[in-house]
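Dumped target.csv below, it's CSV, C-alpha atoms and all ligand atoms:
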```
chain,number,residue,atom,x,y,z
A,1,MET,CA,0.0,0.0,0.0
A,2,LYS,CA,1.3,3.5,-0.8
A,3,PHE,CA,1.2,6.1,2.0
A,4,LEU,CA,1.3,9.8,1.6
A,5,LEU,CA,2.8,11.4,4.6
A,6,GLN,CA,3.5,14.9,5.8
A,7,LEU,CA,6.4,15.0,8.2
A,8,SER,CA,6.8,17.4,11.2
A,9,GLY,CA,9.1,20.4,10.7
A,10,GLU,CA,10.5,20.0,14.2
A,11,HIS,CA,13.7,18.3,12.9
A,12,PRO,CA,15.1,17.7,9.4
A,13,ASP,CA,16.0,14.0,9.8
A,14,LEU,CA,14.2,12.5,12.8
A,15,PRO,CA,10.7,12.1,11.3
A,16,LYS,CA,12.1,10.0,8.5
A,17,ALA,CA,14.4,8.1,10.8
A,18,GLU,CA,11.4,7.3,13.0
A,19,ILE,CA,9.4,5.9,10.1
A,20,ALA,CA,12.3,3.8,9.0
A,21,ALA,CA,12.9,2.4,12.5
A,22,VAL,CA,9.1,1.6,13.0
A,23,LEU,CA,8.9,-0.2,9.7
A,24,GLU,CA,12.1,-2.1,10.3
A,25,GLY,CA,10.9,-3.0,13.8
A,26,GLU,CA,7.5,-4.2,12.5
A,27,GLY,CA,9.3,-6.2,9.8
A,28,ILE,CA,7.6,-4.3,6.9
A,29,ASN,CA,9.6,-3.8,3.8
A,30,TYR,CA,9.2,-0.4,2.0
A,31,ASN,CA,10.7,1.9,-0.5
A,32,ILE,CA,10.5,5.7,-0.9
A,33,VAL,CA,8.5,6.6,-4.0
A,34,TYR,CA,8.7,10.4,-3.7
A,35,GLU,CA,10.3,12.9,-1.3
A,36,ASN,CA,10.4,16.6,-1.0
A,37,ARG,CA,12.5,17.6,2.0
A,38,LYS,CA,11.4,21.3,1.8
A,39,THR,CA,7.7,20.6,2.0
A,40,ARG,CA,8.2,17.5,4.1
A,41,ILE,CA,6.1,15.4,1.8
A,42,LEU,CA,7.0,11.7,1.6
A,43,ILE,CA,5.3,8.9,-0.3
A,44,ILE,CA,6.3,5.4,0.7
A,45,ASP,CA,5.3,2.0,-0.8
A,46,ALA,CA,5.1,-0.3,2.2
A,47,LYS,CA,4.5,-4.0,1.8
A,48,THR,CA,1.4,-4.0,4.1
A,49,LYS,CA,-2.3,-3.4,3.8
A,50,ASN,CA,-2.4,-2.4,7.5
A,51,SER,CA,-2.0,1.2,8.4
A,52,GLU,CA,-1.8,0.6,12.1
A,53,PHE,CA,1.9,1.4,12.3
A,54,LEU,CA,1.1,5.0,11.5
A,55,GLN,CA,-0.6,5.4,14.9
A,56,ARG,CA,2.8,4.8,16.6
A,57,LEU,CA,4.5,7.8,14.9
A,58,ALA,CA,5.3,10.9,16.9
A,59,MET,CA,6.8,13.1,14.1
A,60,THR,CA,4.4,12.5,11.2
A,61,THR,CA,1.7,15.2,11.2
A,62,LYS,CA,-0.6,14.0,8.4
A,63,ALA,CA,-1.1,10.6,6.7
A,64,ALA,CA,-3.2,9.4,3.8
A,65,GLU,CA,-3.6,6.4,1.5
A,66,PHE,CA,-1.9,7.8,-1.6
A,67,VAL,CA,-4.2,8.0,-4.6
A,68,ALA,CA,-2.7,10.1,-7.3
A,69,MET,CA,0.0,12.6,-8.4
A,70,SER,CA,-0.6,14.7,-11.5
A,71,ASN,CA,-0.4,18.2,-12.9
A,72,ASN,CA,-4.0,17.8,-13.9
A,73,LEU,CA,-6.9,18.1,-11.4
A,74,ASP,CA,-9.3,16.2,-13.6
A,75,ALA,CA,-7.0,13.2,-13.5
A,76,ILE,CA,-6.7,13.5,-9.7
A,77,SER,CA,-10.5,13.7,-9.3
A,78,LYS,CA,-11.1,10.7,-11.5
A,79,ASN,CA,-8.8,8.6,-9.4
A,80,ILE,CA,-10.3,9.9,-6.1
A,81,PHE,CA,-13.8,9.3,-7.3
A,82,LYS,CA,-13.1,5.6,-7.9
A,83,LYS,CA,-11.9,5.2,-4.3
A,84,ILE,CA,-14.9,6.8,-2.5
A,85,PRO,CA,-18.0,4.5,-2.0
A,86,LYS,CA,-21.3,6.2,-3.2
A,87,SER,CA,-22.7,6.1,0.3
A,88,LYS,CA,-19.9,8.2,1.8
A,89,THR,CA,-19.6,11.9,2.1
A,90,PHE,CA,-16.3,13.7,1.6
A,91,ALA,CA,-14.4,17.0,2.1
A,92,VAL,CA,-11.2,18.2,0.4
A,93,ARG,CA,-8.5,19.7,2.6
A,94,SER,CA,-5.6,21.6,1.2
A,95,GLU,CA,-3.5,24.6,2.1
A,96,SER,CA,-5.1,26.3,-0.9
A,97,HIS,CA,-8.7,27.3,-0.9
A,98,ARG,CA,-8.7,27.2,-4.7
A,99,ILE,CA,-7.7,23.5,-4.7
A,100,GLU,CA,-10.4,22.7,-2.1
A,101,GLU,CA,-13.0,24.3,-4.2
A,102,GLU,CA,-11.9,23.1,-7.6
A,103,LEU,CA,-11.2,19.5,-6.6
A,104,GLY,CA,-14.3,19.3,-4.4
A,105,GLU,CA,-16.4,20.5,-7.3
A,106,ARG,CA,-14.9,18.0,-9.7
A,107,ILE,CA,-15.5,15.0,-7.4
A,108,ARG,CA,-19.0,16.2,-6.4
A,109,ASN,CA,-20.1,16.5,-10.0
A,110,PRO,CA,-20.0,12.8,-10.8
A,111,GLY,CA,-22.4,12.3,-7.9
A,112,LEU,CA,-20.7,12.2,-4.5
A,113,LYS,CA,-21.9,14.3,-1.5
A,114,VAL,CA,-19.8,16.9,0.2
A,115,ASP,CA,-19.9,17.4,3.9
A,116,LEU,CA,-17.6,20.1,5.1
A,117,THR,CA,-18.3,19.7,8.9
A,118,ASN,CA,-18.4,16.0,9.4
A,119,PRO,CA,-17.3,14.1,6.3
A,120,ASP,CA,-16.9,10.3,6.2
A,121,LEU,CA,-13.7,10.7,4.2
A,122,THR,CA,-11.2,13.6,3.9
A,123,ILE,CA,-9.2,14.0,0.8
A,124,LEU,CA,-5.8,15.6,1.4
A,125,CYS,CA,-4.4,17.4,-1.6
A,126,PHE,CA,-0.9,19.0,-1.6
A,127,TYR,CA,0.4,21.1,-4.5
A,128,GLU,CA,4.1,21.5,-5.2
A,129,LYS,CA,6.4,21.7,-8.2
A,130,GLU,CA,3.3,22.2,-10.4
A,131,LYS,CA,1.9,18.8,-9.3
A,132,TYR,CA,-1.1,17.9,-7.2
A,133,ILE,CA,-0.6,15.0,-4.8
A,134,ALA,CA,-3.7,13.5,-3.3
A,135,GLY,CA,-4.8,10.8,-0.9
A,136,ILE,CA,-7.6,9.7,1.4
A,137,GLU,CA,-6.7,10.8,4.9
A,138,ILE,CA,-5.9,8.2,7.6
A,139,PRO,CA,-6.6,10.2,10.8
A,140,LEU,CA,-3.8,10.1,13.3
A,141,LYS,CA,-4.8,10.1,17.0
A,142,ARG,CA,-2.7,12.8,18.6
A,143,ASP,CA,-3.0,12.9,22.4
A,144,PHE,CA,0.6,13.5,23.5
A,145,ASN,CA,-0.3,16.9,25.1
A,146,LEU,CA,-2.9,15.2,27.3
A,147,ARG,CA,-0.2,13.0,28.8
A,148,ARG,CA,2.3,15.8,29.7
A,149,PRO,CA,4.2,15.1,32.9
A,150,GLN,CA,2.2,17.6,35.0
A,151,PHE,CA,-1.0,15.6,34.5
A,152,ARG,CA,0.5,12.5,36.1
A,153,PRO,CA,0.1,11.6,39.8
A,154,PHE,CA,3.9,11.7,40.3
A,155,PHE,CA,5.8,14.6,38.8
A,156,HIS,CA,9.4,15.5,38.5
A,157,PRO,CA,10.7,18.3,36.1
A,158,THR,CA,13.2,16.0,34.4
A,159,SER,CA,10.5,14.1,32.6
A,160,MET,CA,10.4,14.8,28.9
A,161,HIS,CA,7.4,15.6,26.6
A,162,PRO,CA,5.5,12.4,25.7
A,163,LYS,CA,6.0,13.1,22.0
A,164,ILE,CA,9.8,13.0,22.4
A,165,ALA,CA,9.5,9.9,24.6
A,166,ARG,CA,7.4,8.2,21.9
A,167,LEU,CA,10.0,9.1,19.3
A,168,LEU,CA,12.8,7.6,21.3
A,169,VAL,CA,10.8,4.3,21.8
A,170,ASN,CA,10.2,4.2,18.0
A,171,LEU,CA,13.9,4.8,17.2
A,172,GLY,CA,14.6,1.6,19.2
A,173,GLY,CA,13.3,-0.4,16.2
A,174,VAL,CA,10.8,-2.4,18.3
A,175,LYS,CA,7.5,-4.1,17.5
A,176,LYS,CA,4.5,-4.9,19.6
A,177,GLY,CA,5.3,-7.4,22.4
A,178,ASP,CA,9.0,-6.6,22.4
A,179,LYS,CA,10.7,-6.1,25.8
A,180,VAL,CA,11.8,-2.5,26.3
A,181,LEU,CA,13.9,-1.5,29.3
A,182,ASP,CA,14.5,2.0,30.7
A,183,PRO,CA,17.3,1.7,33.3
A,184,PHE,CA,17.1,5.4,34.4
A,185,CYS,CA,13.3,5.4,34.3
A,186,GLY,CA,12.6,8.3,36.7
A,187,THR,CA,8.9,9.1,36.6
A,188,GLY,CA,8.4,6.6,33.7
A,189,GLY,CA,7.8,9.0,30.8
A,190,ILE,CA,9.5,6.7,28.3
A,191,LEU,CA,7.9,3.5,29.7
A,192,ILE,CA,4.4,5.0,29.5
A,193,GLU,CA,4.9,5.5,25.7
A,194,ALA,CA,6.4,2.1,25.3
A,195,GLY,CA,3.5,0.5,27.3
A,196,LEU,CA,0.9,2.4,25.3
A,197,THR,CA,2.3,1.1,22.0
A,198,GLY,CA,2.1,-2.5,23.2
A,199,MET,CA,5.6,-3.2,24.4
A,200,LYS,CA,6.4,-5.3,27.5
A,201,ILE,CA,8.0,-2.8,29.8
A,202,PHE,CA,10.9,-3.1,32.3
A,203,GLY,CA,12.3,-0.2,34.3
A,204,SER,CA,14.7,0.6,37.0
A,205,ASP,CA,16.2,3.6,38.8
A,206,VAL,CA,18.6,3.9,41.6
A,207,ASP,CA,16.3,6.2,43.5
A,208,GLU,CA,13.6,4.3,45.5
A,209,GLY,CA,11.3,7.4,45.4
A,210,MET,CA,11.4,7.5,41.6
A,211,VAL,CA,10.7,3.8,41.4
A,212,GLU,CA,7.6,4.2,43.6
A,213,GLY,CA,6.5,7.3,41.6
A,214,CYS,CA,7.0,5.5,38.3
A,215,ARG,CA,4.8,2.6,39.5
A,216,LYS,CA,2.1,5.1,40.4
A,217,ASN,CA,2.3,6.7,37.0
A,218,LEU,CA,2.1,3.4,35.2
A,219,ASP,CA,-0.9,2.4,37.3
A,220,PHE,CA,-2.6,5.7,36.3
A,221,TYR,CA,-2.4,4.6,32.6
A,222,ASN,CA,-3.3,1.0,33.4
A,223,ILE,CA,0.2,-0.2,32.2
A,224,THR,CA,1.8,-3.2,33.8
A,225,GLY,CA,5.5,-3.5,34.0
A,226,GLU,CA,8.4,-4.7,36.1
A,227,ILE,CA,10.0,-1.7,37.9
A,228,ARG,CA,12.9,-2.3,40.3
A,229,THR,CA,15.4,-0.3,42.3
A,230,VAL,CA,18.7,-1.0,40.6
A,231,ASP,CA,21.9,0.9,39.8
A,232,ALA,CA,22.1,1.2,36.0
A,233,THR,CA,25.6,-0.2,36.0
A,234,LYS,CA,24.3,-3.5,37.4
A,235,ILE,CA,21.2,-4.1,35.2
A,236,ASP,CA,22.8,-7.3,33.8
A,237,LYS,CA,22.2,-8.8,37.3
A,238,GLU,CA,18.5,-8.1,37.1
A,239,PHE,CA,17.2,-8.3,33.6
A,240,LYS,CA,17.7,-10.5,30.6
A,241,GLY,CA,16.5,-11.0,27.0
A,242,ILE,CA,15.7,-7.3,26.4
A,243,ASP,CA,15.0,-6.3,22.9
A,244,ALA,CA,15.7,-2.6,23.3
A,245,ILE,CA,17.0,-0.1,25.9
A,246,VAL,CA,15.5,3.4,25.6
A,247,THR,CA,16.6,5.9,28.2
A,248,ASP,CA,17.2,9.5,29.1
A,249,LEU,CA,20.6,9.6,30.9
A,250,PRO,CA,21.0,11.8,34.0
A,251,TYR,CA,23.2,14.8,33.4
A,252,GLY,CA,23.6,16.3,36.8
A,253,ARG,CA,21.6,19.4,36.5
A,254,SER,CA,18.1,18.8,37.9
A,255,SER,CA,18.5,15.0,37.8
A,256,ALA,CA,20.7,13.4,40.5
A,257,ILE,CA,23.6,11.3,39.4
A,258,PHE,CA,24.5,8.2,41.5
A,259,GLY,CA,27.7,6.6,40.4
A,260,GLY,CA,30.4,9.4,40.6
A,261,ASN,CA,31.8,10.6,37.3
A,262,ILE,CA,29.2,10.9,34.7
A,263,ILE,CA,31.2,9.5,31.8
A,264,GLU,CA,32.2,6.5,33.9
A,265,LEU,CA,28.5,6.0,34.8
A,266,TYR,CA,27.5,6.1,31.1
A,267,LYS,CA,30.3,3.7,30.1
A,268,ASN,CA,29.6,1.2,32.9
A,269,PHE,CA,25.9,1.3,32.2
A,270,LEU,CA,26.6,0.5,28.5
A,271,LYS,CA,28.9,-2.4,29.5
A,272,SER,CA,26.2,-3.8,31.7
A,273,ALA,CA,23.6,-3.2,28.9
A,274,SER,CA,25.6,-5.1,26.4
A,275,LYS,CA,25.3,-8.2,28.5
A,276,ILE,CA,21.5,-8.3,28.4
A,277,LEU,CA,20.8,-7.2,24.8
A,278,LYS,CA,20.4,-9.6,21.9
A,279,SER,CA,22.7,-9.1,18.9
A,280,GLY,CA,21.1,-6.5,16.6
A,281,SER,CA,19.1,-4.9,19.4
A,282,GLY,CA,19.0,-1.1,19.7
A,283,ILE,CA,19.9,1.3,22.5
A,284,VAL,CA,18.5,4.8,22.3
A,285,ILE,CA,20.1,7.2,24.7
A,286,VAL,CA,19.6,10.9,25.3
A,287,THR,CA,22.3,13.0,26.7
A,288,PRO,CA,23.2,16.7,26.7
A,289,LYS,CA,26.9,15.9,26.6
A,290,LYS,CA,28.9,15.2,23.5
A,291,PHE,CA,29.2,11.6,24.5
A,292,LEU,CA,30.1,9.1,21.8
A,293,PRO,CA,30.8,5.7,23.3
A,294,LYS,CA,33.7,3.8,21.9
A,295,LEU,CA,32.7,0.3,22.9
A,296,LYS,CA,33.3,-2.5,20.5
A,297,GLU,CA,30.0,-4.1,21.4
A,298,PHE,CA,28.0,-1.2,19.8
A,299,GLU,CA,27.8,0.5,16.5
A,300,VAL,CA,26.5,4.1,16.3
A,301,ILE,CA,23.7,4.1,13.7
A,302,GLY,CA,22.2,7.5,14.3
A,303,LYS,CA,23.1,10.8,16.0
A,304,TYR,CA,20.7,13.7,16.3
A,305,SER,CA,20.4,17.0,18.2
A,306,ILE,CA,17.2,18.5,19.4
A,307,ARG,CA,17.0,21.9,21.0
A,308,VAL,CA,14.7,21.9,24.0
A,309,HIS,CA,15.2,25.5,25.0
A,310,LYS,CA,18.0,28.0,24.7
A,311,SER,CA,20.2,26.4,27.4
A,312,LEU,CA,19.4,22.8,26.7
A,313,THR,CA,20.1,20.8,23.5
A,314,ARG,CA,19.5,17.1,23.8
A,315,ARG,CA,21.5,14.6,21.8
A,316,ILE,CA,20.0,11.4,20.7
A,317,LEU,CA,22.2,8.5,20.0
A,318,VAL,CA,21.0,5.3,18.4
A,319,LEU,CA,23.3,2.4,18.9
A,320,ARG,CA,23.0,-1.2,17.8
A,321,LYS,CA,24.6,-4.2,19.4
A,322,GLY,CA,26.9,-6.0,17.0
B,401,LIG,C1,16.9,12.4,33.3
B,401,LIG,S1,16.1,11.5,34.6
B,401,LIG,C2,15.1,10.4,33.7
B,401,LIG,C3,13.7,11.0,33.5
B,401,LIG,C4,12.7,10.0,33.0
B,401,LIG,N1,12.9,9.7,31.6
B,401,LIG,C5,11.3,10.4,33.3
B,401,LIG,O1,10.4,10.3,32.4
B,401,LIG,O2,11.1,10.9,34.4
B,401,LIG,C6,17.5,10.4,35.1
B,401,LIG,C7,17.2,9.4,36.2
B,401,LIG,O3,18.4,8.7,36.4
B,401,LIG,C8,18.4,8.3,37.8
B,401,LIG,N2,19.8,7.9,38.1
B,401,LIG,C9,20.9,8.6,38.4
B,401,LIG,N3,22.0,7.9,38.5
B,401,LIG,C10,21.6,6.6,38.4
B,401,LIG,C11,22.2,5.3,38.4
B,401,LIG,N4,23.5,5.2,38.7
B,401,LIG,N5,21.5,4.2,38.2
B,401,LIG,C12,20.2,4.3,37.9
B,401,LIG,N6,19.5,5.4,37.9
B,401,LIG,C13,20.2,6.6,38.1
B,401,LIG,C14,17.9,9.5,38.5
B,401,LIG,O4,17.3,9.0,39.8
B,401,LIG,C15,16.8,10.0,37.5
B,401,LIG,O5,15.5,9.5,37.9
```

Structure re-expressed in C-alpha cells:
Amino acid sequence: MKFLLQLSGEHPDLPKAEIAAVLEGEGINYNIVYENRKTRILIIDAKTKNSEFLQRLAMTTKAAEFVAMSNNLDAISKNIFKKIPKSKTFAVRSESHRIEEELGERIRNPGLKVDLTNPDLTILCFYEKEKYIAGIEIPLKRDFNLRRPQFRPFFHPTSMHPKIARLLVNLGGVKKGDKVLDPFCGTGGILIEAGLTGMKIFGSDVDEGMVEGCRKNLDFYNITGEIRTVDATKIDKEFKGIDAIVTDLPYGRSSAIFGGNIIELYKNFLKSASKILKSGSGIVIVTPKKFLPKLKEFEVIGKYSIRVHKSLTRRILVLRKG
C-alpha cells in the first residue's frame, strides 16, 4: 500500500528516521516513492495493507492512503472518485482554498456528496512543483499533550514531553510485544509511551522514590511493567532477553547522578547493557553531553540534536549491538 505522509518540521531528519525504525521493527519492507525535504512530503510504498503502524508515529503530522499525483486536477479527481464509495460523504482539505473548491467540485459532479463539517472521508491534496498530490486521509490520534508530565500523579521536572518519549521508543526499532527497558526510568515517561504502544516494559532507577513514583504513573495509565530499584551499572544482574533499551541519561543538573563521574557512569551502564541485549538490538540514549561511546559491542547508527530551549540541547544516540 502506498502512503502519503506529511512530516513534522521539528527536525530535518528525525521524522524519516522514526518511520524507517518503526517499519524495520515491525518487519515491513518499504521503499520511498517520492520525497520533498522542503515541503516535508513523503510517499512510501510499504509491503502491508495495514496502516496501524502510523498510529505509533510521533513526528508525522498527516497521513493518507496515496491515490494520485498529476499536474491535472481532472486526473486526480477521477482517481479519487473511484476510491470513494457512493454512500460516503467527503471533504477536500488543502493549504489552498482554490484547490479545495476546484477538486471538491470535480469530485462532487459525478455524484458524491460533500460534507464540510463531518465528512466520512477527507481528501488531502498538496500542491508542489506544479503537481497535485492527493490521498484519502488516515486520521492520526494525537493525544501527546494530554499526557504531559504535569498531569500524572507523580511529577518531576526532568521528565520529557511524551512526543519525544514516543519518538525515542520508536527509534529503538521495536515491535508490539518486544521487551523494552529504561534503566534510568525516573517518573516513567518513556515507559508510558512504550507501554501504550504495546511493548512489554521493564524499568529501573537507583532512586527508590522514583521507582515508587514510576509505578504510580504506570498504574494511572493501566500499564503493567516490572519496575525495580537498581543501579544502571548493574542491570545485567536483574534483567535479561531485552529487545531494546531506551533511556534519558542523568546529566547532573536537575536529575541526580548516582555513580560518581558521569562519563564513567555512562560507560559502565553500556557495558552492563551489552550483556542483556540480543545481537542487533537497539539502544537509544539521550544526553546533553557530546558523548560518543567507543565500545566494541556497539555501532552508532544515528546521531541527532534536538533543541529543548536556549540552554538545553539534547543529543539522541541510536546504537546497535553487534
Ligand atoms: C533524566 S532522569 C530520567 C527521566 C525520565 N525519563 C522520566 O520520564 O522521568 C534520570 C534518572 O536517572 C536516575 N539515576 C541517576 N543515577 C543513576 C544510576 N547510577 N543508576 C540508575 N538510575 C540513576 C535518577 O534518579 C533520575 O531518575

Exercise answer, 7 Å around ligand LIG 401 (chain B) with only C-alpha atoms and all ligand atoms, as number ranges by chain: A: 156, 158-160, 183-190, 204-207, 210, 230-233, 247-251, 255-259, 265

Go ahead and save the residues from that selection, with C-alpha atoms, as a short mmCIF file (atom, residue, chain, number, x, y, z; two decimals), in the coordinates of the input.
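Generated file (again_34.cif):
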```cif
data_model
loop_
_atom_site.label_atom_id
_atom_site.label_comp_id
_atom_site.auth_asym_id
_atom_site.auth_seq_id
_atom_site.Cartn_x
_atom_site.Cartn_y
_atom_site.Cartn_z
CA HIS A 156 9.40 15.50 38.50
CA THR A 158 13.20 16.00 34.40
CA SER A 159 10.50 14.10 32.60
CA MET A 160 10.40 14.80 28.90
CA PRO A 183 17.30 1.70 33.30
CA PHE A 184 17.10 5.40 34.40
CA CYS A 185 13.30 5.40 34.30
CA GLY A 186 12.60 8.30 36.70
CA THR A 187 8.90 9.10 36.60
CA GLY A 188 8.40 6.60 33.70
CA GLY A 189 7.80 9.00 30.80
CA ILE A 190 9.50 6.70 28.30
CA SER A 204 14.70 0.60 37.00
CA ASP A 205 16.20 3.60 38.80
CA VAL A 206 18.60 3.90 41.60
CA ASP A 207 16.30 6.20 43.50
CA MET A 210 11.40 7.50 41.60
CA VAL A 230 18.70 -1.00 40.60
CA ASP A 231 21.90 0.90 39.80
CA ALA A 232 22.10 1.20 36.00
CA THR A 233 25.60 -0.20 36.00
CA THR A 247 16.60 5.90 28.20
CA ASP A 248 17.20 9.50 29.10
CA LEU A 249 20.60 9.60 30.90
CA PRO A 250 21.00 11.80 34.00
CA TYR A 251 23.20 14.80 33.40
CA SER A 255 18.50 15.00 37.80
CA ALA A 256 20.70 13.40 40.50
CA ILE A 257 23.60 11.30 39.40
CA PHE A 258 24.50 8.20 41.50
CA GLY A 259 27.70 6.60 40.40
CA LEU A 265 28.50 6.00 34.80
#
```

Using Å and a single decimal, report how far CA of Glu297 in chain A sits from CA of Ile276 in chain A.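 Atom-to-atom, CA of Ile276 in chain A and CA of Glu297 in chain A are spaced 11.8 Å apart.
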
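Take the candidates A:Leu167, A:Leu116, A:Ile80, A:Val318 and check each one against Val300 in chain A using only C-alpha atoms; the shortest distance goes to A:Val318.
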
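Restricting the calculation to all atoms listed in the file, the smallest distance between Leu124 in chain A and any of A:Phe3, A:Tyr30, A:Phe53, A:Tyr304 is found for A:Phe3.
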
List the spatial neighbours of Arg40 in chain A as number ranges by chain - criterion: any atom at most 6 Å away, all atoms listed in the file, same-chain residues fewer than 4 positions off excluded. A: 6-7, 36

Quick one: pull the distance between CA of Lys113 in chain A and CA of Phe90 in chain A, Å, one decimal.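 So the answer is 6.4 Å.
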
Straight-line distance linking CA of Ile316 in chain A with CA of Phe291 in chain A, stated in Å to one decimal: 10.0 Å
